[in-house]
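Dropping target_20.cif in here (mmCIF, C-alpha atoms):
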```
data_coords
loop_
_atom_site.label_atom_id
_atom_site.label_comp_id
_atom_site.auth_asym_id
_atom_site.auth_seq_id
_atom_site.Cartn_x
_atom_site.Cartn_y
_atom_site.Cartn_z
CA MET J 1 89.47 58.34 164.57
CA ALA J 2 92.22 60.01 162.61
CA ARG J 3 92.71 59.48 158.93
CA ILE J 4 96.27 58.21 158.35
CA ILE J 5 97.95 59.59 155.23
CA VAL J 6 101.30 58.36 153.94
CA ILE J 7 103.41 60.60 151.73
CA THR J 8 105.47 58.23 149.64
CA SER J 9 107.33 57.94 146.33
CA GLY J 10 109.97 55.23 146.21
CA LYS J 11 112.48 57.60 144.67
CA GLY J 12 114.31 60.13 146.85
CA GLY J 13 114.46 63.87 146.39
CA VAL J 14 111.08 64.25 144.71
CA GLY J 15 109.49 66.35 147.46
CA LYS J 16 108.00 64.00 150.05
CA THR J 17 109.04 66.03 153.07
CA THR J 18 108.09 69.34 151.41
CA THR J 19 104.70 67.82 150.65
CA SER J 20 104.26 66.37 154.14
CA ALA J 21 104.99 69.77 155.69
CA ALA J 22 102.65 71.54 153.27
CA LEU J 23 99.78 69.09 153.70
CA ALA J 24 100.12 69.10 157.49
CA MET J 25 100.21 72.90 157.65
CA GLY J 26 97.30 73.22 155.21
CA LEU J 27 95.09 70.78 157.10
CA ALA J 28 95.86 72.49 160.41
CA GLN J 29 95.16 75.95 158.95
CA ARG J 30 91.72 74.68 158.03
CA GLY J 31 91.04 73.76 161.64
CA ASN J 32 92.03 70.09 161.72
CA ARG J 33 94.12 68.68 164.53
CA THR J 34 97.06 67.27 162.59
CA ALA J 35 100.20 65.36 163.51
CA VAL J 36 103.04 64.83 161.07
CA ILE J 37 105.55 62.05 161.71
CA ASP J 38 109.04 61.71 160.24
CA PHE J 39 109.68 58.02 159.46
CA ASP J 40 113.19 58.58 158.11
CA VAL J 41 115.06 57.08 161.04
CA GLY J 42 118.72 58.10 160.97
CA LEU J 43 118.15 60.94 158.51
CA ARG J 44 115.81 63.28 160.31
CA ASN J 45 114.73 66.17 158.06
CA LEU J 46 111.10 67.04 158.61
CA ASP J 47 111.98 69.09 161.71
CA LEU J 48 114.22 71.29 159.53
CA ILE J 49 111.56 71.82 156.90
CA MET J 50 109.03 72.63 159.64
CA GLY J 51 111.55 74.93 161.34
CA CYS J 52 111.42 73.22 164.74
CA GLU J 53 114.82 71.47 164.73
CA ARG J 54 116.01 73.26 167.87
CA ARG J 55 112.99 72.16 169.87
CA VAL J 56 113.52 68.42 169.44
CA VAL J 57 113.90 66.73 172.82
CA TYR J 58 112.39 63.28 172.37
CA ASP J 59 111.67 61.46 169.13
CA PHE J 60 109.52 58.75 167.55
CA VAL J 61 111.81 55.89 168.64
CA ASN J 62 111.91 57.20 172.23
CA VAL J 63 108.12 56.96 172.28
CA ILE J 64 108.10 53.44 170.80
CA ASN J 65 110.69 52.31 173.35
CA GLY J 66 108.71 53.85 176.22
CA GLU J 67 111.50 56.35 177.06
CA ALA J 68 109.10 59.26 176.61
CA ASN J 69 105.37 59.63 176.20
CA LEU J 70 103.74 61.12 173.14
CA ASN J 71 102.99 64.48 174.74
CA GLN J 72 106.66 64.91 175.61
CA ALA J 73 107.81 64.10 172.09
CA LEU J 74 105.23 66.00 170.04
CA ILE J 75 106.42 69.49 169.08
CA ARG J 76 103.65 72.06 168.87
CA ASP J 77 103.85 74.28 165.81
CA LYS J 78 103.88 77.99 166.66
CA ARG J 79 102.15 79.11 163.46
CA ALA J 80 99.07 76.90 163.27
CA ASP J 81 96.83 75.71 166.10
CA GLY J 82 96.52 71.97 166.41
CA LEU J 83 99.63 71.14 164.39
CA PHE J 84 102.25 68.85 165.93
CA VAL J 85 105.50 67.34 164.67
CA LEU J 86 106.88 63.98 165.78
CA PRO J 87 110.55 63.97 164.76
CA ALA J 88 112.50 60.92 163.63
CA SER J 89 115.28 59.48 165.69
CA GLN J 90 118.88 59.94 164.68
CA THR J 91 119.71 56.39 165.74
CA ARG J 92 121.36 54.25 163.12
CA ASP J 93 119.24 51.25 164.09
CA LYS J 94 116.70 51.15 161.25
CA GLU J 95 114.83 48.28 162.90
CA ALA J 96 113.96 50.54 165.83
CA LEU J 97 110.55 51.07 164.23
CA THR J 98 108.60 47.92 164.98
CA LYS J 99 105.22 47.20 163.43
CA GLU J 100 103.63 46.93 166.89
CA GLY J 101 105.33 50.07 168.18
CA VAL J 102 104.28 52.15 165.16
CA GLY J 103 100.75 50.74 165.44
CA GLN J 104 100.50 51.75 169.09
CA VAL J 105 101.71 55.31 168.45
CA LEU J 106 99.28 55.72 165.53
CA ASP J 107 96.43 54.32 167.67
CA GLU J 108 97.16 56.79 170.42
CA LEU J 109 97.37 59.71 167.98
CA SER J 110 94.14 58.59 166.33
CA GLN J 111 92.21 59.21 169.52
CA THR J 112 92.87 62.95 169.59
CA PHE J 113 93.85 63.92 166.05
CA ASP J 114 91.89 64.33 162.82
CA TYR J 115 94.81 63.57 160.51
CA VAL J 116 98.12 61.81 160.96
CA ILE J 117 100.62 62.34 158.15
CA CYS J 118 103.43 59.83 157.74
CA ASP J 119 106.44 61.24 155.90
CA SER J 120 108.05 58.16 154.34
CA PRO J 121 111.76 57.74 153.72
CA ALA J 122 112.88 57.00 150.15
CA GLY J 123 113.33 53.43 149.03
CA ILE J 124 111.28 50.33 149.71
CA GLU J 125 113.05 49.25 152.87
CA HIS J 126 111.80 48.85 156.41
CA GLY J 127 111.18 52.54 157.17
CA ALA J 128 109.14 53.04 154.00
CA ASN J 129 107.15 49.89 154.74
CA MET J 130 106.42 51.07 158.26
CA ALA J 131 105.30 54.49 157.00
CA MET J 132 102.76 53.03 154.57
CA TYR J 133 101.61 49.96 156.50
CA TYR J 134 98.79 51.57 158.51
CA ALA J 135 97.79 54.15 155.89
CA ASP J 136 94.22 54.93 154.89
CA ASP J 137 95.29 57.30 152.11
CA ALA J 138 98.51 57.56 150.12
CA VAL J 139 99.88 60.58 148.32
CA VAL J 140 102.38 59.34 145.74
CA VAL J 141 104.77 62.21 145.02
CA THR J 142 106.17 61.94 141.51
CA ASN J 143 108.44 64.04 139.28
CA PRO J 144 107.72 64.05 135.54
CA GLU J 145 110.78 61.94 134.90
CA VAL J 146 111.22 58.25 133.99
CA SER J 147 112.83 56.86 137.13
CA SER J 148 110.43 58.67 139.44
CA VAL J 149 107.36 57.44 137.53
CA ARG J 150 108.64 53.90 137.51
CA ASP J 151 109.39 53.97 141.24
CA SER J 152 105.93 55.39 141.92
CA ASP J 153 104.39 52.48 140.07
CA ARG J 154 106.44 50.05 142.15
CA MET J 155 105.28 51.84 145.28
CA LEU J 156 101.65 51.44 144.16
CA GLY J 157 102.25 47.70 143.88
CA ILE J 158 103.60 47.64 147.43
CA LEU J 159 100.68 49.70 148.77
CA SER J 160 98.23 47.25 147.25
CA SER J 161 99.98 44.13 148.54
CA LYS J 162 101.89 44.86 151.75
CA SER J 163 99.76 47.36 153.65
CA ARG J 164 97.48 46.48 156.54
CA ARG J 165 94.44 47.21 154.39
CA ALA J 166 95.74 44.76 151.78
CA GLU J 167 96.59 42.09 154.34
CA THR J 168 93.21 42.28 156.04
CA SER J 169 91.32 42.59 152.73
CA ALA J 170 89.83 45.85 153.95
CA GLU J 171 88.82 48.63 151.60
CA PRO J 172 92.03 49.46 149.68
CA ILE J 173 94.16 52.52 150.41
CA ARG J 174 92.96 55.62 148.52
CA GLU J 175 95.84 56.55 146.27
CA TYR J 176 96.50 60.06 144.97
CA LEU J 177 99.10 61.41 142.57
CA LEU J 178 100.94 64.63 143.29
CA LEU J 179 103.17 65.75 140.46
CA THR J 180 105.96 68.05 141.63
CA ARG J 181 108.78 70.04 140.00
CA TYR J 182 106.61 70.48 136.94
CA SER J 183 107.89 72.81 134.27
CA PRO J 184 105.17 73.87 131.78
CA GLU J 185 107.81 75.41 129.49
CA ARG J 186 109.71 72.16 129.16
CA VAL J 187 106.46 70.22 128.66
CA ALA J 188 105.51 72.66 125.88
CA ASN J 189 108.91 72.03 124.28
CA GLY J 190 108.36 68.30 124.40
CA GLU J 191 111.24 67.83 126.84
CA MET J 192 109.24 66.73 129.86
CA LEU J 193 106.44 64.24 130.46
CA SER J 194 103.12 66.07 130.72
CA VAL J 195 100.51 65.58 133.45
CA GLU J 196 98.48 63.61 130.93
CA ASP J 197 101.43 61.34 130.10
CA VAL J 198 102.03 60.52 133.75
CA GLN J 199 98.32 60.07 134.37
CA GLU J 200 98.07 57.69 131.43
CA ILE J 201 100.79 55.51 132.92
CA LEU J 202 99.86 55.62 136.60
CA SER J 203 96.11 56.30 136.29
CA LEU J 204 95.67 57.80 139.73
CA ASN J 205 93.42 60.45 141.18
CA LEU J 206 95.35 63.69 140.53
CA LEU J 207 95.65 65.66 143.76
CA GLY J 208 97.77 68.45 142.35
CA VAL J 209 100.57 69.66 140.16
CA VAL J 210 103.26 71.74 141.85
CA PRO J 211 105.41 73.76 139.47
CA GLU J 212 109.19 73.86 139.75
CA SER J 213 109.79 76.93 141.85
CA LYS J 214 112.58 78.78 143.60
CA SER J 215 110.24 79.35 146.50
CA VAL J 216 110.57 75.69 147.60
CA LEU J 217 114.28 76.07 148.35
CA ASN J 218 113.71 79.48 149.91
CA ALA J 219 111.08 77.97 152.17
CA SER J 220 113.27 75.09 153.27
CA ASN J 221 116.18 77.47 153.85
CA ALA J 222 113.98 79.38 156.25
CA GLY J 223 112.20 76.40 157.85
CA VAL J 224 108.81 77.67 156.74
CA PRO J 225 106.52 75.20 154.92
CA VAL J 226 106.17 76.53 151.36
CA ILE J 227 102.38 76.49 151.60
CA LEU J 228 102.70 79.58 153.83
CA ASP J 229 104.26 81.47 150.92
CA CYS J 230 101.07 82.71 149.29
CA GLU J 231 103.07 84.83 146.86
CA SER J 232 104.54 81.78 145.14
CA ASP J 233 102.90 79.48 142.61
CA ALA J 234 104.25 76.42 144.47
CA GLY J 235 102.67 77.66 147.71
CA LEU J 236 99.34 78.27 145.96
CA ALA J 237 99.49 74.88 144.23
CA TYR J 238 99.98 73.21 147.62
CA GLY J 239 97.02 75.18 148.97
CA ASP J 240 94.90 73.86 146.11
CA MET J 241 96.14 70.35 146.86
CA VAL J 242 94.88 70.57 150.43
CA SER J 243 91.49 71.83 149.25
CA ARG J 244 91.21 68.96 146.78
CA TYR J 245 92.19 66.45 149.43
CA LEU J 246 89.33 67.79 151.55
CA GLY J 247 86.94 67.21 148.67
CA GLU J 248 86.69 70.66 147.12
CA ASP J 249 86.55 70.85 143.36
CA VAL J 250 89.44 73.17 142.53
CA PRO J 251 90.68 73.60 138.96
CA HIS J 252 94.37 72.91 138.32
CA ARG J 253 96.56 75.97 137.85
CA PHE J 254 100.09 76.54 136.61
CA LEU J 255 99.85 73.83 133.94
CA ASP J 256 100.41 76.16 131.03
CA VAL J 257 103.28 78.42 130.10
CA GLN J 258 102.81 81.81 131.70
CA LYS J 259 102.47 84.33 128.90
CA LYS J 260 105.03 87.05 129.28
CA GLY J 261 103.77 90.59 129.18
CA PHE J 262 105.02 93.06 126.60
CA PHE J 263 107.30 94.87 129.05
CA SER J 264 108.87 91.82 130.62
CA ARG J 265 109.58 90.55 127.13
CA LEU J 266 111.05 93.88 126.15
CA PHE J 267 113.33 94.13 129.16
CA ARG J 268 114.33 90.50 129.36
CA GLY J 269 118.13 90.20 129.35
CA MET H 1 113.25 83.08 121.23
CA GLY H 2 115.41 83.45 118.14
CA LEU H 3 114.91 81.71 114.87
CA LEU H 4 117.78 79.30 115.56
CA ASP H 5 116.32 78.38 118.93
CA TYR H 6 113.04 77.64 117.20
CA PHE H 7 114.65 75.10 114.92
CA ARG H 8 116.71 73.62 117.70
CA SER H 9 113.72 73.08 119.94
CA SER H 10 111.70 71.53 117.14
CA ARG H 11 114.50 69.08 116.45
CA SER H 12 114.77 68.03 120.10
CA ARG H 13 110.98 67.66 120.31
CA GLY H 14 110.23 64.11 121.29
CA SER H 15 112.49 63.30 124.22
CA ALA H 16 109.32 63.33 126.34
CA SER H 17 107.55 61.01 123.94
CA VAL H 18 110.53 58.65 124.02
CA ALA H 19 110.33 58.74 127.83
CA LYS H 20 106.64 57.93 127.71
CA GLU H 21 107.09 55.01 125.35
CA ARG H 22 109.90 53.52 127.41
CA LEU H 23 107.86 53.92 130.58
CA GLN H 24 104.76 52.30 129.13
CA ILE H 25 106.74 49.19 128.17
CA LEU H 26 108.63 49.10 131.45
CA VAL H 27 105.60 49.58 133.64
CA ALA H 28 103.59 46.94 131.77
CA HIS H 29 106.49 44.53 132.27
CA ASP H 30 106.86 45.41 135.97
CA ARG H 31 103.14 44.92 136.53
CA ALA H 32 103.07 41.53 134.81
CA GLU H 33 106.00 40.49 136.97
CA ARG H 34 104.24 41.71 140.10
CA HIS H 35 101.19 39.53 139.48
CA ARG H 36 103.16 36.37 138.93
CA PRO H 37 102.90 33.91 141.80
CA SER H 38 105.98 34.10 144.00
CA TYR H 39 106.58 30.33 143.78
CA LEU H 40 107.51 30.42 140.08
CA PRO H 41 111.32 30.64 140.39
CA LYS H 42 111.35 27.81 142.95
CA LEU H 43 109.04 25.74 140.76
CA GLN H 44 111.38 26.27 137.84
CA ARG H 45 114.40 25.19 139.88
CA GLU H 46 112.77 22.07 141.22
CA ILE H 47 111.46 20.95 137.84
CA LEU H 48 114.93 21.41 136.46
CA GLU H 49 116.35 19.25 139.25
CA VAL H 50 113.89 16.45 138.50
CA ILE H 51 114.63 16.52 134.80
CA ARG H 52 118.35 16.51 135.44
CA ARG H 53 118.03 13.19 137.27
CA TYR H 54 117.13 11.64 133.93
CA VAL H 55 118.48 13.86 131.20
CA GLU H 56 121.47 16.15 131.00
CA VAL H 57 119.99 19.60 130.28
CA ASP H 58 121.37 23.05 130.91
CA MET H 59 119.95 25.78 133.15
CA ASN H 60 117.93 27.38 130.38
CA ALA H 61 116.20 24.18 129.34
CA VAL H 62 113.09 24.94 131.37
CA SER H 63 111.11 28.10 130.89
CA VAL H 64 108.11 28.91 133.02
CA ASN H 65 105.60 31.39 131.75
CA TYR H 66 102.63 32.74 133.57
CA GLU H 67 99.78 34.64 132.00
CA GLN H 68 96.62 35.99 133.45
CA GLU H 69 93.51 36.70 131.49
CA ASP H 70 90.12 37.80 132.72
CA SER H 71 88.89 34.55 134.19
CA ARG H 72 91.77 32.13 133.77
CA GLU H 73 95.41 31.76 134.54
CA ILE H 74 97.80 29.94 132.26
CA LEU H 75 100.96 28.33 133.55
CA GLU H 76 103.08 27.35 130.62
CA LEU H 77 106.08 25.04 131.01
CA ASN H 78 108.48 24.62 128.15
CA ILE H 79 111.18 21.98 128.45
CA VAL H 80 113.83 21.70 125.76
CA LEU H 81 115.42 18.25 125.65
CA PRO H 82 118.82 17.82 124.04
CA ASP H 83 119.01 15.86 120.75
CA ALA H 84 120.91 13.03 122.38
CA ALA H 85 117.95 12.23 124.61
CA HIS H 86 115.95 10.97 121.68
CA GLN H 87 118.31 8.11 121.02
#
```
Can you give me the file's structure in the form of structure tokens?
Amino acid sequence: MARIIVITSGKGGVGKTTTSAALAMGLAQRGNRTAVIDFDVGLRNLDLIMGCERRVVYDFVNVINGEANLNQALIRDKRADGLFVLPASQTRDKEALTKEGVGQVLDELSQTFDYVICDSPAGIEHGANMAMYYADDAVVVTNPEVSSVRDSDRMLGILSSKSRRAETSAEPIREYLLLTRYSPERVANGEMLSVEDVQEILSLNLLGVVPESKSVLNASNAGVPVILDCESDAGLAYGDMVSRYLGEDVPHRFLDVQKKGFFSRLFRG
Amino acid sequence: MGLLDYFRSSRSRGSASVAKERLQILVAHDRAERHRPSYLPKLQREILEVIRRYVEVDMNAVSVNYEQEDSREILELNIVLPDAAHQ
């Protein structure tokens, strides 16, 4: 039985797809068979972030409609064993994802995979509801910014009332907070909500804090999940996130302003 | 960081704390709203219809308030009748 993880946020542009790609890659690197599904029907993006956009033949909706089977649609990642991408359809018919169809695909994946990651679209519409409905775990991606925090709280309400686990009164979804685009300098200046502030409002299990980093854009430019960039703090923070998800006790890094050395201070422009 | 920057940043200190305060109020409000039974707006409309059969009141005459405490729920109905109705 696979564990089904939804990456969600409510608000757009906070880093859901970046996080989905990183978590999927990280879990696969640690030897787990992992599938990552793009639920953003009409606005397919995960394939670009994973760098497999030119290998898309069939998509999620083709599988639901019986036009292709799962093995035809799943794209095998060339960097990590046991990592597969199921791309979204570019159809404009948002209702193409039916609850039954999604359930069947997840059931089939569950038989051979350890983890299935559902990359949710922004908003609280049909696609987002489908992405979270069958989830066992939810990673709520949040920026330290008012509208993102508010939307995350709304999303938590939806997870606890409209998911399958809520409807069947099963054990509730395990909810985690991932704070992204965090800038310790701005927090130190009192210009940005701190981890503690966001935690106080959302009170979730903190899975990680990813600092604002140029490496995220570089990684998406290249189609390489940022977690593979072990030189960058964002890549390392995502690595820590995966370890924490798997139950390791890893201290949080990159929360404080990096002290500048004497020379870098001297030669700063 | 120059001396001027120091003063500037200390003056702007607090936009994060404003954000936090606003969020705390907003989120508390959103959560209270979320736990209200979904039938409340309909209940309010129907009560208003019944009252209007007898008394001429405006749309804001009926307010429905719902509160939840540890072991009890309070549904509070407040109906404001116009002065003329007393005669």
Legend entry - Distance criterion (all atoms listed in the file): nearest to Ala88 in chain J out of J:Arg253, J:Arg44, J:Arg30, J:Lys259: J:Arg44
Inset, instruction - Residues of chain H near chain J: apply a cut-off of 7 Å, count only C-alpha atoms, and supply the list as a list in words. - result: Ser9, Arg13, Gly14, Ser15, Ala16, Ala19, Lys20, Leu23, Gln24 and Val27 of chain H
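For the atom pair formed by CA of Val140 in chain J and CA of Tyr176 in chain J, the distance is 6.0 Å, given to one decimal.
By only C-alpha atoms, and with residues fewer than 4 positions from Ala128 in chain J along its chain excluded, the set lying at most 9 Å from it is Thr8, Gly10, Phe39, Asp40, Asp119, Ser120, Pro121, Ala122, Gly123, Ile124, Met132 and Tyr133 of chain J.
If you look at CA of Arg92 in chain J and CA of Gln104 in chain J, they are 21.8 Å away from each other.
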Inset, instruction - Would you list the contacts of Leu43 in chain H as an NGL selection string, taking every protein, DNA or RNA residue within 12 Å and counting all atoms listed in the file, but skipping same-chain residues closer than 4 positions in sequence? - result: :H and (37-39 or 47-50 or 62-66 or 75-77)
Inset, instruction - Excluding Met50 in chain J and residues on its chain fewer than 4 positions from it, collect all residues at most 6 Å away from it, counting only C-alpha atoms, and give them as a list of chain:residue names. - result: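 Close residues of Met50 in chain J: J:Gly223, J:Val224, J:Pro225.
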Shell of 7 Å around Tyr115 in chain J, all atoms listed in the file, local chain residues under 5 positions omitted, as a PDB file with C-alpha atoms, keeping the file's coordinate frame:
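The result, written out as around_18.pdb:
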```pdb
ATOM      1  CA  ALA J   2      92.220  60.010 162.610  1.00  0.00           C
ATOM      2  CA  ARG J   3      92.710  59.480 158.930  1.00  0.00           C
ATOM      3  CA  ILE J   4      96.270  58.210 158.350  1.00  0.00           C
ATOM      4  CA  ARG J  33      94.120  68.680 164.530  1.00  0.00           C
ATOM      5  CA  THR J  34      97.060  67.270 162.590  1.00  0.00           C
ATOM      6  CA  ALA J  35     100.200  65.360 163.510  1.00  0.00           C
TER       7      ALA J  35
END
```
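In this model, the gap between CA of Leu178 in chain J and CA of Gln90 in chain J comes to 28.3 Å.
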Inset, instruction - Check what the PyMOL selection byres ((chain J and resi 226) around 10) selects in the file above and give those residues as JSON, numbers by chain. - result: {"J": [18, 19, 21, 22, 25, 49, 50, 215, 216, 217, 218, 219, 220, 222, 223, 224, 225, 227, 228, 229, 230, 231, 232, 233, 234, 235, 236, 237, 238, 239]}
Inset, instruction - May I ask which of the residues J:Val209, J:Val257, J:Val61, J:Val56 is the closest one to Gly101 in chain J, counting all atoms listed in the file? - result: J:Val61
Inset, instruction - With the file shown as input, list the residues that the PyMOL selection byres ((chain J and resi 84) around 8) selects, as a PyMOL selection string. - result: chain J and resi 34-36+74-77+82-83+85-86
Let me know the residues the PyMOL selection byres ((chain J and resi 242) around 9) catches in the file above, as a short mmCIF file (atom, residue, chain, number, x, y, z; two decimals) with C-alpha atoms, in the coordinates of the input.
```cif
data_model
loop_
_atom_site.label_atom_id
_atom_site.label_comp_id
_atom_site.auth_asym_id
_atom_site.auth_seq_id
_atom_site.Cartn_x
_atom_site.Cartn_y
_atom_site.Cartn_z
CA ALA J 22 102.65 71.54 153.27
CA LEU J 23 99.78 69.09 153.70
CA ALA J 24 100.12 69.10 157.49
CA GLY J 26 97.30 73.22 155.21
CA LEU J 27 95.09 70.78 157.10
CA LEU J 207 95.65 65.66 143.76
CA GLY J 208 97.77 68.45 142.35
CA ALA J 237 99.49 74.88 144.23
CA TYR J 238 99.98 73.21 147.62
CA GLY J 239 97.02 75.18 148.97
CA ASP J 240 94.90 73.86 146.11
CA MET J 241 96.14 70.35 146.86
CA SER J 243 91.49 71.83 149.25
CA ARG J 244 91.21 68.96 146.78
CA TYR J 245 92.19 66.45 149.43
CA LEU J 246 89.33 67.79 151.55
CA GLY J 247 86.94 67.21 148.67
CA GLU J 248 86.69 70.66 147.12
#
```
Could you put an axis-aligned box around every listed atom of range 60-64 of chain H, padded by 8 Å on each side, and send me its centre and edge lengths in Å to one decimal, as lines of an AutoDock Vina configuration file?
```
center_x = 113.0
center_y = 26.5
center_z = 131.2
size_x = 25.8
size_y = 20.7
size_z = 19.7
```
